[in-house]
Amino acid sequence: MKLSGKHRLVVAFTFFSMFFGAGNLIFPPLMGAQAQSAALPATIGFIVSAVGLPILGVLAVASAGGFEHLASRVSPKFAAVLAFVIIMAIGPCFAIPRTATTSYEMAITPFAGENNRVALLIYSLVFFTLSFILSQHPEKLSKSLGRFMGPLLLVLIAVMFVACIFISHTPLGKPFGDYAHGSLIYGFINGYQTMDLLAALYFGIVISANISEFGVTDTKANRRETGIAGTGAGILLILIYAALSFIGAVSGTIKSADGKNDTGATVLTNLTTSAFGSIGTAFVGLIFVLACFNVCTGLISTCATYFEDTFPTVFGHPVKYRAWSVFFAVFSFIVSNAGLSAIITVSLPVLGALYPIAIVLVLLNLVQKPFSSKFPRVYFWTVLLVAIFTIFDCIVKLLAVFGLSVASVSNALAHLPLYNAQLTWLIPAAAGIIIGIIDSLIRRSRQTK
């Protein structure tokens with residue numbers, strides 16, 4: 001059993017729409033604006049981490065039969081806890097509310113003014129109501145996101161790309177800021193910060209349901225089609241990231257981008273304003289609303305499906321998909337009205353703690369046959385040591401957010417190798433692999449005696 005070429009394309013568009021949100025729009029243009037003549041290597045680095053890791057995550061989960069099965073190689077209890085925390089992070093606590101606040105900041109704030117709480121309240125209410133309605137049939141998202149919303153988003157981005165080709169601009173300048181030296185590595189780091197890997201671990205739930213709706217119900221065939229859809233989404237992401245990086249580079253020649261004060265949204269607005277005049281602001285706002293709405297709908301569907309499967313009853317009462325989707329929509333609506341800045345400030349340390357754990361699990365699964373299966377204890381030790389470091393770092397950063405900074409500890413962490421690149425966790429990961437190999441060999445020798 002397999003999907004037709006047409007259905008595979010629709011499912012790939014659906015997958016792409018669920019991935020491509022505000023963060024995916026913001027990072028590539030700012031990178032291109034700063035990298036300028038070094039935009040190509042920077043884009044390659046970005047694509048490796050922003051596309052490569054999430055697609056590997058999709059393939060890892062598909063081959064393992066679900067994220068819980070993958071994480072259970074550490075321990076079943078760990079898998080249950082990690083799954084719950086990730087779902088809450090990519091769901092109602094951070095990612096879902098951020099879709100409303102980010103799109104509001106881009107589409108409504110330029111016209112309603114800063115700190116307009118009433119406008120945010122009304123916008124978020126309409127935003128989540130529409131997203132809730134669309135999410136009520138997660139197995140049929142391909143009919144809306146795959147056939148209409150996703151292609152429309154691609155068309156709007158294509159319009160910006162074409163405008164860049166024909167707009168008059170000076171030659172690309174020299175790279176500056178972080179990209180003045182080592183544009184490839186800084187592109188990789190920026191892609192790493194999109195955090196799409198966490199969503200990739202669970203989007204397969206909804207995609208699998210859509211594939212089943214097209215008639216592919218056999219488990220093995222469904223997993224294969226999920227992997228194909230993930231690969232198709234990856235190809236679309238590569239094309240769009242390359243286009244957005246080019247758009248950013250051209251925009252940077254029109255108006256220089258300050259990495260500390262400007263964002264990718266600013267870079268896009270500079271370009272569209274130059275190309276289309278004052279209507280350019282509304283054009284960029286529409287792109288952000290569409291991208292964020294797609295992701296919000298996909299996340300509500302994913303979270304509600306997961307909770308229906310994991311918690312079919314609460315205090316002895318059955319809870320169905322619709323009730324869970326209502327809970328997530330309402331909860332996210334409340335959180336979103338805290339404002340974008342507050343959500344991002346709190347979410348970054350938590351996501352920074354979860355992401356390395358997810359990377360370790362996916363990469364160990366990638367070498368499951370030649371390596372990890374022969375030394376099964378590497379899962380436990382590697383994840384344990386990485387988790388200890390990232391959770392400790394997360395606690396320190398959260399304390400600082402709430403005004404309880406531990407300066408001495410923060411300074412000590414800042415002096416660790418690769419800390420500024422957010423890659424210090426590679427050290428405990430390497431130690432965990434070594435300890436895991438030794439532990440596996442010791443246990444194997446005991447069993448043979």
# chains A, B, ... in the order shown; residues from 1 in each chain; ligands from 1

$ residues_around --residues "Ala83 of chain A" --least-positions-apart "2" --cutoff "12 Å" --atoms "only C-alpha atoms" --output "mmCIF file with N, CA, C and O atoms, in the first residue's frame"
data_model
loop_
_atom_site.group_PDB
_atom_site.id
_atom_site.type_symbol
_atom_site.label_atom_id
_atom_site.label_comp_id
_atom_site.auth_asym_id
_atom_site.auth_seq_id
_atom_site.Cartn_x
_atom_site.Cartn_y
_atom_site.Cartn_z
ATOM 1 N N GLY A 66 7.248 5.459 17.125
ATOM 2 C CA GLY A 66 6.748 6.485 18.040
ATOM 3 C C GLY A 66 7.836 6.979 18.961
ATOM 4 O O GLY A 66 8.799 6.245 19.262
ATOM 5 N N PHE A 67 7.699 8.230 19.413
ATOM 6 C CA PHE A 67 8.740 8.804 20.260
ATOM 7 C C PHE A 67 8.865 8.083 21.595
ATOM 8 O O PHE A 67 9.959 7.945 22.137
ATOM 9 N N GLU A 68 7.739 7.609 22.135
ATOM 10 C CA GLU A 68 7.800 6.913 23.419
ATOM 11 C C GLU A 68 8.660 5.657 23.325
ATOM 12 O O GLU A 68 9.407 5.341 24.248
ATOM 13 N N HIS A 69 8.542 4.943 22.195
ATOM 14 C CA HIS A 69 9.374 3.751 22.008
ATOM 15 C C HIS A 69 10.856 4.124 21.922
ATOM 16 O O HIS A 69 11.714 3.422 22.460
ATOM 17 N N LEU A 70 11.124 5.238 21.255
ATOM 18 C CA LEU A 70 12.505 5.691 21.141
ATOM 19 C C LEU A 70 13.066 6.079 22.507
ATOM 20 O O LEU A 70 14.160 5.655 22.888
ATOM 21 N N ALA A 71 12.311 6.890 23.253
ATOM 22 C CA ALA A 71 12.773 7.344 24.572
ATOM 23 C C ALA A 71 12.781 6.220 25.599
ATOM 24 O O ALA A 71 13.519 6.288 26.587
ATOM 25 N N SER A 72 12.001 5.166 25.376
ATOM 26 C CA SER A 72 11.975 4.028 26.313
ATOM 27 C C SER A 72 13.296 3.271 26.330
ATOM 28 O O SER A 72 13.535 2.471 27.242
ATOM 29 N N PRO A 76 11.250 3.443 30.522
ATOM 30 C CA PRO A 76 9.844 3.759 30.260
ATOM 31 C C PRO A 76 9.347 4.974 31.043
ATOM 32 O O PRO A 76 8.597 5.797 30.502
ATOM 33 N N LYS A 77 9.732 5.112 32.300
ATOM 34 C CA LYS A 77 9.298 6.260 33.105
ATOM 35 C C LYS A 77 9.862 7.563 32.541
ATOM 36 O O LYS A 77 9.168 8.575 32.474
ATOM 37 N N PHE A 78 11.129 7.513 32.141
ATOM 38 C CA PHE A 78 11.747 8.686 31.534
ATOM 39 C C PHE A 78 10.997 9.077 30.268
ATOM 40 O O PHE A 78 10.740 10.264 30.020
ATOM 41 N N ALA A 79 10.633 8.080 29.440
ATOM 42 C CA ALA A 79 9.921 8.343 28.188
ATOM 43 C C ALA A 79 8.600 9.045 28.454
ATOM 44 O O ALA A 79 8.239 9.999 27.755
ATOM 45 N N ALA A 80 7.865 8.593 29.484
ATOM 46 C CA ALA A 80 6.568 9.187 29.801
ATOM 47 C C ALA A 80 6.721 10.638 30.258
ATOM 48 O O ALA A 80 5.967 11.523 29.828
ATOM 49 N N VAL A 81 7.704 10.887 31.129
ATOM 50 C CA VAL A 81 7.913 12.247 31.651
ATOM 51 C C VAL A 81 8.378 13.184 30.543
ATOM 52 O O VAL A 81 7.856 14.294 30.389
ATOM 53 N N VAL A 85 6.504 16.589 29.039
ATOM 54 C CA VAL A 85 7.144 17.906 29.110
ATOM 55 C C VAL A 85 7.290 18.520 27.717
ATOM 56 O O VAL A 85 7.016 19.711 27.520
ATOM 57 N N ILE A 86 7.695 17.714 26.738
ATOM 58 C CA ILE A 86 7.860 18.229 25.377
ATOM 59 C C ILE A 86 6.519 18.685 24.807
ATOM 60 O O ILE A 86 6.418 19.763 24.198
ATOM 61 N N ILE A 87 5.480 17.885 24.995
ATOM 62 C CA ILE A 87 4.161 18.245 24.495
ATOM 63 C C ILE A 87 3.684 19.555 25.101
ATOM 64 O O ILE A 87 3.129 20.432 24.410
ATOM 65 N N MET A 88 3.887 19.730 26.399
ATOM 66 C CA MET A 88 3.465 20.967 27.048
ATOM 67 C C MET A 88 4.290 22.161 26.565
ATOM 68 O O MET A 88 3.788 23.277 26.452
ATOM 69 N N ALA A 89 5.586 21.918 26.262
ATOM 70 C CA ALA A 89 6.453 23.004 25.796
ATOM 71 C C ALA A 89 6.100 23.444 24.375
ATOM 72 O O ALA A 89 6.002 24.639 24.084
ATOM 73 N N ILE A 90 5.909 22.457 23.469
ATOM 74 C CA ILE A 90 5.565 22.813 22.086
ATOM 75 C C ILE A 90 4.075 23.102 21.947
ATOM 76 O O ILE A 90 3.605 23.480 20.877
ATOM 77 N N GLY A 91 3.347 22.919 23.052
ATOM 78 C CA GLY A 91 1.914 23.131 23.037
ATOM 79 C C GLY A 91 1.475 24.374 23.779
ATOM 80 O O GLY A 91 1.889 25.489 23.460
ATOM 81 N N LEU A 198 11.847 19.365 18.225
ATOM 82 C CA LEU A 198 10.884 18.964 19.253
ATOM 83 C C LEU A 198 9.507 18.724 18.636
ATOM 84 O O LEU A 198 8.828 17.751 18.969
ATOM 85 N N ALA A 199 9.091 19.618 17.754
ATOM 86 C CA ALA A 199 7.794 19.446 17.099
ATOM 87 C C ALA A 199 7.811 18.227 16.181
ATOM 88 O O ALA A 199 6.812 17.500 16.082
ATOM 89 N N LEU A 201 9.135 15.450 16.570
ATOM 90 C CA LEU A 201 8.978 14.194 17.308
ATOM 91 C C LEU A 201 7.525 13.783 17.439
ATOM 92 O O LEU A 201 7.222 12.616 17.672
ATOM 93 N N TYR A 202 6.588 14.742 17.285
ATOM 94 C CA TYR A 202 5.173 14.439 17.499
ATOM 95 C C TYR A 202 4.269 14.779 16.321
ATOM 96 O O TYR A 202 3.130 14.316 16.279
ATOM 97 N N CYS A 303 -1.264 18.026 20.008
ATOM 98 C CA CYS A 303 -1.359 17.921 21.467
ATOM 99 C C CYS A 303 -2.641 17.220 21.901
ATOM 100 O O CYS A 303 -2.628 16.370 22.791
ATOM 101 N N TYR A 306 -2.395 13.498 21.143
ATOM 102 C CA TYR A 306 -1.515 12.838 22.110
ATOM 103 C C TYR A 306 -2.222 12.642 23.453
ATOM 104 O O TYR A 306 -2.167 11.561 24.042
ATOM 105 N N PHE A 307 -2.881 13.682 23.943
ATOM 106 C CA PHE A 307 -3.537 13.588 25.250
ATOM 107 C C PHE A 307 -4.734 12.642 25.223
ATOM 108 O O PHE A 307 -5.019 11.967 26.212
ATOM 109 N N THR A 310 -3.057 9.271 25.459
ATOM 110 C CA THR A 310 -2.307 9.035 26.696
ATOM 111 C C THR A 310 -3.182 9.138 27.939
ATOM 112 O O THR A 310 -2.994 8.402 28.909
ATOM 113 N N LEU A 354 15.511 21.032 26.662
ATOM 114 C CA LEU A 354 14.906 19.861 26.030
ATOM 115 C C LEU A 354 15.582 19.489 24.711
ATOM 116 O O LEU A 354 15.693 18.310 24.370
ATOM 117 N N ILE A 357 18.591 16.984 24.609
ATOM 118 C CA ILE A 357 18.143 15.630 24.937
ATOM 119 C C ILE A 357 17.527 14.973 23.713
ATOM 120 O O ILE A 357 17.797 13.806 23.395
ATOM 121 N N ALA A 358 16.702 15.738 22.994
ATOM 122 C CA ALA A 358 16.071 15.216 21.786
ATOM 123 C C ALA A 358 17.110 14.905 20.714
ATOM 124 O O ALA A 358 17.028 13.877 20.026
#

$ residues_around --residues "Ser37 of chain A" --least-positions-apart "2" --cutoff "6 Å" --atoms "only C-alpha atoms" --output "MDAnalysis selection string"
chainID A and resid 39 172:174

$ write_last_selection --atoms "N, CA and C atoms" --output "PDB file, in the first residue's frame"
ATOM      1  N   ALA A  39      26.432  34.622   2.424  1.00  0.00           N
ATOM      2  CA  ALA A  39      25.097  34.074   2.681  1.00  0.00           C
ATOM      3  C   ALA A  39      25.003  32.593   2.307  1.00  0.00           C
ATOM      4  N   LEU A 172      26.138  42.773  -3.021  1.00  0.00           N
ATOM      5  CA  LEU A 172      26.220  42.286  -1.646  1.00  0.00           C
ATOM      6  C   LEU A 172      27.538  42.717  -1.019  1.00  0.00           C
ATOM      7  N   GLY A 173      27.466  43.143   0.237  1.00  0.00           N
ATOM      8  CA  GLY A 173      28.663  43.620   0.924  1.00  0.00           C
ATOM      9  C   GLY A 173      29.391  42.522   1.678  1.00  0.00           C
ATOM     10  N   LYS A 174      30.317  42.921   2.514  1.00  0.00           N
ATOM     11  CA  LYS A 174      31.068  41.960   3.320  1.00  0.00           C
ATOM     12  C   LYS A 174      30.221  41.522   4.518  1.00  0.00           C
TER      13      LYS A 174
END

$ closest_residue --among "A:His181, A:Arg117, A:Arg8, A:Arg147" --to "Pro41 of chain A" --atoms "only C-alpha atoms"
A:His181

$ closest_residue --among "A:Thr273, A:Ser135, A:Thr390, A:Thr101" --to "Trp324 of chain A" --atoms "only C-alpha atoms"
A:Ser135

$ atom_distance --atom1 "atom CA of Glu114 of chain A" --atom2 "atom CA of Gly339 of chain A"
11.0 Å

$ closest_residue --among "A:Ile434, A:Ala209, A:Ala119, A:Leu299" --to "Glu105 of chain A" --atoms "only C-alpha atoms"
A:Ala119

$ closest_residue --among "A:Ala200, A:Leu156, A:Gly436, A:Lys397" --to "Thr231 of chain A" --atoms "only C-alpha atoms"
A:Ala200

$ residues_around --residues "Gly230 of chain A" --least-positions-apart "6" --cutoff "12 Å" --atoms "only C-alpha atoms" --output "compact mmCIF listing (two decimals) with all heavy atoms, in the first residue's frame"
# COMPACT_ATOMS: atom_id res chain seq x y z
N ARG A 8 0.89 12.26 -1.93
CA ARG A 8 2.18 12.47 -1.27
C ARG A 8 2.53 13.96 -1.25
O ARG A 8 3.05 14.47 -0.25
CB ARG A 8 3.28 11.69 -1.99
CG ARG A 8 3.32 10.21 -1.62
CD ARG A 8 4.44 9.48 -2.34
NE ARG A 8 4.53 8.10 -1.88
CZ ARG A 8 5.31 7.18 -2.43
NH1 ARG A 8 6.08 7.51 -3.47
NH2 ARG A 8 5.34 5.95 -1.95
N LEU A 9 2.24 14.65 -2.35
CA LEU A 9 2.53 16.08 -2.42
C LEU A 9 1.67 16.84 -1.42
O LEU A 9 2.15 17.75 -0.73
CB LEU A 9 2.28 16.58 -3.84
CG LEU A 9 2.69 18.04 -4.13
CD1 LEU A 9 4.19 18.21 -3.91
CD2 LEU A 9 2.31 18.43 -5.55
N VAL A 10 0.39 16.47 -1.33
CA VAL A 10 -0.52 17.15 -0.40
C VAL A 10 -0.07 16.93 1.04
O VAL A 10 -0.07 17.87 1.85
CB VAL A 10 -1.97 16.63 -0.60
CG1 VAL A 10 -2.87 17.11 0.54
CG2 VAL A 10 -2.52 17.10 -1.93
N VAL A 11 0.31 15.71 1.38
CA VAL A 11 0.76 15.41 2.74
C VAL A 11 2.06 16.15 3.05
O VAL A 11 2.25 16.65 4.16
CB VAL A 11 0.93 13.89 2.94
CG1 VAL A 11 1.53 13.59 4.32
CG2 VAL A 11 -0.40 13.18 2.82
N ALA A 12 2.96 16.23 2.07
CA ALA A 12 4.22 16.97 2.27
C ALA A 12 3.94 18.45 2.52
O ALA A 12 4.56 19.07 3.40
CB ALA A 12 5.13 16.80 1.05
N PHE A 13 2.99 19.03 1.78
CA PHE A 13 2.58 20.43 2.02
C PHE A 13 2.00 20.60 3.42
O PHE A 13 2.24 21.60 4.09
CB PHE A 13 1.56 20.87 0.97
CG PHE A 13 2.17 21.39 -0.30
CD1 PHE A 13 1.82 20.84 -1.52
CD2 PHE A 13 3.08 22.44 -0.27
CE1 PHE A 13 2.38 21.32 -2.70
CE2 PHE A 13 3.64 22.93 -1.44
CZ PHE A 13 3.30 22.36 -2.66
N THR A 14 1.23 19.60 3.86
CA THR A 14 0.65 19.65 5.20
C THR A 14 1.75 19.65 6.25
O THR A 14 1.73 20.44 7.21
CB THR A 14 -0.28 18.45 5.43
OG1 THR A 14 -1.26 18.39 4.38
CG2 THR A 14 -0.98 18.54 6.78
N PHE A 15 2.70 18.76 6.09
CA PHE A 15 3.84 18.65 7.02
C PHE A 15 4.61 19.98 7.05
O PHE A 15 4.97 20.48 8.12
CB PHE A 15 4.75 17.52 6.57
CG PHE A 15 5.26 16.66 7.69
CD1 PHE A 15 5.60 15.34 7.47
CD2 PHE A 15 5.41 17.17 8.98
CE1 PHE A 15 6.06 14.53 8.50
CE2 PHE A 15 5.88 16.37 10.01
CZ PHE A 15 6.20 15.06 9.77
N PHE A 16 4.87 20.51 5.87
CA PHE A 16 5.58 21.79 5.77
C PHE A 16 4.83 22.89 6.51
O PHE A 16 5.41 23.68 7.25
CB PHE A 16 5.76 22.17 4.30
CG PHE A 16 6.15 23.61 4.08
CD1 PHE A 16 7.46 24.02 4.25
CD2 PHE A 16 5.19 24.56 3.74
CE1 PHE A 16 7.82 25.35 4.05
CE2 PHE A 16 5.54 25.88 3.54
CZ PHE A 16 6.85 26.28 3.70
N SER A 17 3.52 22.96 6.31
CA SER A 17 2.70 24.00 6.94
C SER A 17 2.75 23.91 8.45
O SER A 17 2.72 24.93 9.15
CB SER A 17 1.25 23.88 6.46
OG SER A 17 1.17 24.02 5.07
N MET A 18 2.80 22.69 8.98
CA MET A 18 2.85 22.50 10.43
C MET A 18 4.20 22.92 11.00
O MET A 18 4.29 23.36 12.15
CB MET A 18 2.55 21.04 10.77
CG MET A 18 1.11 20.63 10.45
SD MET A 18 0.83 18.84 10.56
CE MET A 18 1.07 18.56 12.32
N PHE A 19 5.24 22.79 10.22
CA PHE A 19 6.59 23.17 10.65
C PHE A 19 6.83 24.68 10.58
O PHE A 19 7.41 25.28 11.48
CB PHE A 19 7.65 22.51 9.76
CG PHE A 19 8.15 21.19 10.26
CD1 PHE A 19 8.07 20.07 9.46
CD2 PHE A 19 8.70 21.07 11.53
CE1 PHE A 19 8.54 18.84 9.91
CE2 PHE A 19 9.16 19.86 11.98
CZ PHE A 19 9.08 18.73 11.17
N VAL A 51 16.85 21.92 9.01
CA VAL A 51 16.10 20.93 8.22
C VAL A 51 16.59 19.52 8.53
O VAL A 51 15.78 18.61 8.75
CB VAL A 51 16.24 21.21 6.71
CG1 VAL A 51 15.46 20.16 5.91
CG2 VAL A 51 15.73 22.60 6.37
N GLY A 52 17.92 19.35 8.57
CA GLY A 52 18.47 18.02 8.77
C GLY A 52 18.02 17.37 10.07
O GLY A 52 17.55 16.22 10.09
N LEU A 53 18.15 18.11 11.19
CA LEU A 53 17.78 17.53 12.49
C LEU A 53 16.29 17.20 12.60
O LEU A 53 15.93 16.09 13.03
CB LEU A 53 18.21 18.47 13.61
CG LEU A 53 19.72 18.57 13.88
CD1 LEU A 53 20.00 19.61 14.96
CD2 LEU A 53 20.28 17.21 14.29
N PRO A 54 15.38 18.11 12.22
CA PRO A 54 13.96 17.75 12.30
C PRO A 54 13.58 16.55 11.42
O PRO A 54 12.79 15.70 11.83
CB PRO A 54 13.24 19.02 11.82
CG PRO A 54 14.18 20.12 12.15
CD PRO A 54 15.55 19.54 11.90
N ILE A 55 14.13 16.50 10.20
CA ILE A 55 13.78 15.38 9.31
C ILE A 55 14.36 14.08 9.86
O ILE A 55 13.71 13.03 9.80
CB ILE A 55 14.28 15.64 7.88
CG1 ILE A 55 13.61 16.89 7.31
CG2 ILE A 55 14.01 14.44 6.99
CD1 ILE A 55 12.10 16.91 7.43
N LEU A 56 15.56 14.13 10.43
CA LEU A 56 16.10 12.95 11.10
C LEU A 56 15.19 12.54 12.26
O LEU A 56 15.01 11.36 12.54
CB LEU A 56 17.52 13.23 11.61
CG LEU A 56 18.63 13.27 10.56
CD1 LEU A 56 19.96 13.63 11.22
CD2 LEU A 56 18.76 11.92 9.85
N GLY A 57 14.63 13.56 12.94
CA GLY A 57 13.70 13.27 14.02
C GLY A 57 12.46 12.55 13.53
O GLY A 57 12.00 11.58 14.14
N VAL A 58 11.90 13.01 12.40
CA VAL A 58 10.74 12.35 11.81
C VAL A 58 11.06 10.91 11.46
O VAL A 58 10.30 9.98 11.78
CB VAL A 58 10.27 13.11 10.55
CG1 VAL A 58 9.19 12.32 9.81
CG2 VAL A 58 9.74 14.48 10.93
N LEU A 59 12.21 10.70 10.81
CA LEU A 59 12.61 9.35 10.40
C LEU A 59 12.89 8.46 11.60
O LEU A 59 12.54 7.27 11.60
CB LEU A 59 13.85 9.43 9.49
CG LEU A 59 13.66 10.19 8.17
CD1 LEU A 59 14.97 10.27 7.40
CD2 LEU A 59 12.58 9.53 7.32
N ALA A 60 13.51 9.03 12.65
CA ALA A 60 13.82 8.26 13.85
C ALA A 60 12.55 7.80 14.55
O ALA A 60 12.43 6.64 14.96
CB ALA A 60 14.66 9.10 14.81
N VAL A 61 11.59 8.71 14.67
CA VAL A 61 10.33 8.37 15.34
C VAL A 61 9.55 7.36 14.50
O VAL A 61 8.96 6.41 15.04
CB VAL A 61 9.49 9.64 15.58
CG1 VAL A 61 8.09 9.29 16.02
CG2 VAL A 61 10.17 10.51 16.63
N ALA A 62 9.55 7.55 13.18
CA ALA A 62 8.83 6.62 12.31
C ALA A 62 9.42 5.22 12.39
O ALA A 62 8.69 4.22 12.47
CB ALA A 62 8.86 7.13 10.87
N LEU A 197 13.01 20.45 15.90
CA LEU A 197 13.18 19.03 16.20
C LEU A 197 12.15 18.55 17.22
O LEU A 197 11.62 17.44 17.11
CB LEU A 197 14.60 18.77 16.73
CG LEU A 197 14.89 17.35 17.21
CD1 LEU A 197 14.61 16.33 16.11
CD2 LEU A 197 16.33 17.23 17.69
N ALA A 200 8.95 17.99 15.52
CA ALA A 200 9.05 16.86 14.59
C ALA A 200 8.82 15.52 15.28
O ALA A 200 8.32 14.58 14.67
CB ALA A 200 10.43 16.86 13.93
N LEU A 201 9.13 15.45 16.57
CA LEU A 201 8.98 14.19 17.31
C LEU A 201 7.52 13.78 17.44
O LEU A 201 7.22 12.62 17.67
CB LEU A 201 9.61 14.33 18.70
CG LEU A 201 11.11 14.64 18.72
CD1 LEU A 201 11.59 14.85 20.15
CD2 LEU A 201 11.92 13.54 18.05
N TYR A 202 6.59 14.74 17.29
CA TYR A 202 5.17 14.44 17.50
C TYR A 202 4.27 14.78 16.32
O TYR A 202 3.13 14.32 16.28
CB TYR A 202 4.67 15.16 18.75
CG TYR A 202 5.19 14.51 20.01
CD1 TYR A 202 6.28 15.03 20.67
CD2 TYR A 202 4.61 13.35 20.49
CE1 TYR A 202 6.78 14.41 21.79
CE2 TYR A 202 5.10 12.72 21.62
CZ TYR A 202 6.18 13.26 22.27
OH TYR A 202 6.68 12.64 23.38
N PHE A 203 4.75 15.57 15.38
CA PHE A 203 3.91 15.88 14.23
C PHE A 203 3.54 14.62 13.45
O PHE A 203 2.51 14.58 12.77
CB PHE A 203 4.63 16.86 13.28
CG PHE A 203 4.49 18.30 13.71
CD1 PHE A 203 5.30 19.27 13.14
CD2 PHE A 203 3.56 18.69 14.65
CE1 PHE A 203 5.17 20.60 13.50
CE2 PHE A 203 3.43 20.02 15.02
CZ PHE A 203 4.23 20.97 14.46
N GLY A 204 4.38 13.61 13.56
CA GLY A 204 4.10 12.35 12.86
C GLY A 204 2.77 11.74 13.26
O GLY A 204 2.15 11.00 12.47
N ILE A 207 0.26 13.49 10.97
CA ILE A 207 0.55 13.12 9.58
C ILE A 207 0.15 11.67 9.32
O ILE A 207 -0.42 11.34 8.27
CB ILE A 207 2.04 13.34 9.26
CG1 ILE A 207 2.38 14.83 9.32
CG2 ILE A 207 2.40 12.77 7.90
CD1 ILE A 207 1.57 15.69 8.36
N SER A 208 0.43 10.79 10.28
CA SER A 208 0.06 9.39 10.15
C SER A 208 -1.46 9.24 10.00
O SER A 208 -1.94 8.43 9.19
CB SER A 208 0.54 8.60 11.37
OG SER A 208 0.12 7.25 11.30
N ARG A 223 4.20 4.12 8.19
CA ARG A 223 5.47 4.69 8.68
C ARG A 223 6.35 5.11 7.52
O ARG A 223 7.00 6.15 7.55
CB ARG A 223 6.20 3.68 9.56
CG ARG A 223 5.56 3.42 10.92
CD ARG A 223 6.34 2.37 11.68
NE ARG A 223 5.69 2.04 12.94
CZ ARG A 223 6.08 1.06 13.75
NH1 ARG A 223 7.14 0.32 13.41
NH2 ARG A 223 5.44 0.81 14.87
N ARG A 224 6.37 4.27 6.47
CA ARG A 224 7.19 4.60 5.30
C ARG A 224 6.69 5.88 4.64
O ARG A 224 7.49 6.76 4.29
CB ARG A 224 7.16 3.44 4.30
CG ARG A 224 8.05 3.68 3.07
CD ARG A 224 8.02 2.53 2.09
NE ARG A 224 6.71 2.36 1.49
CZ ARG A 224 5.89 1.36 1.74
NH1 ARG A 224 6.24 0.41 2.59
NH2 ARG A 224 4.70 1.28 1.15
N LEU A 236 10.95 21.18 0.69
CA LEU A 236 10.27 22.48 0.63
C LEU A 236 10.94 23.49 1.57
O LEU A 236 11.13 24.66 1.22
CB LEU A 236 8.80 22.32 1.02
CG LEU A 236 7.90 21.62 -0.01
CD1 LEU A 236 6.52 21.36 0.58
CD2 LEU A 236 7.78 22.47 -1.28
N LEU A 237 11.30 23.04 2.76
CA LEU A 237 11.96 23.92 3.73
C LEU A 237 13.30 24.41 3.20
O LEU A 237 13.66 25.58 3.37
CB LEU A 237 12.15 23.20 5.06
CG LEU A 237 10.89 23.00 5.92
CD1 LEU A 237 11.18 22.06 7.08
CD2 LEU A 237 10.37 24.33 6.44

$ atom_distance --atom1 "atom CA of Gly45 of chain A" --atom2 "atom CA of Ile185 of chain A"
6.1 Å

$ closest_residue --among "A:Cys93, A:Gly150, A:Met160, A:Ile211" --to "Val267 of chain A" --atoms "only C-alpha atoms"
A:Met160
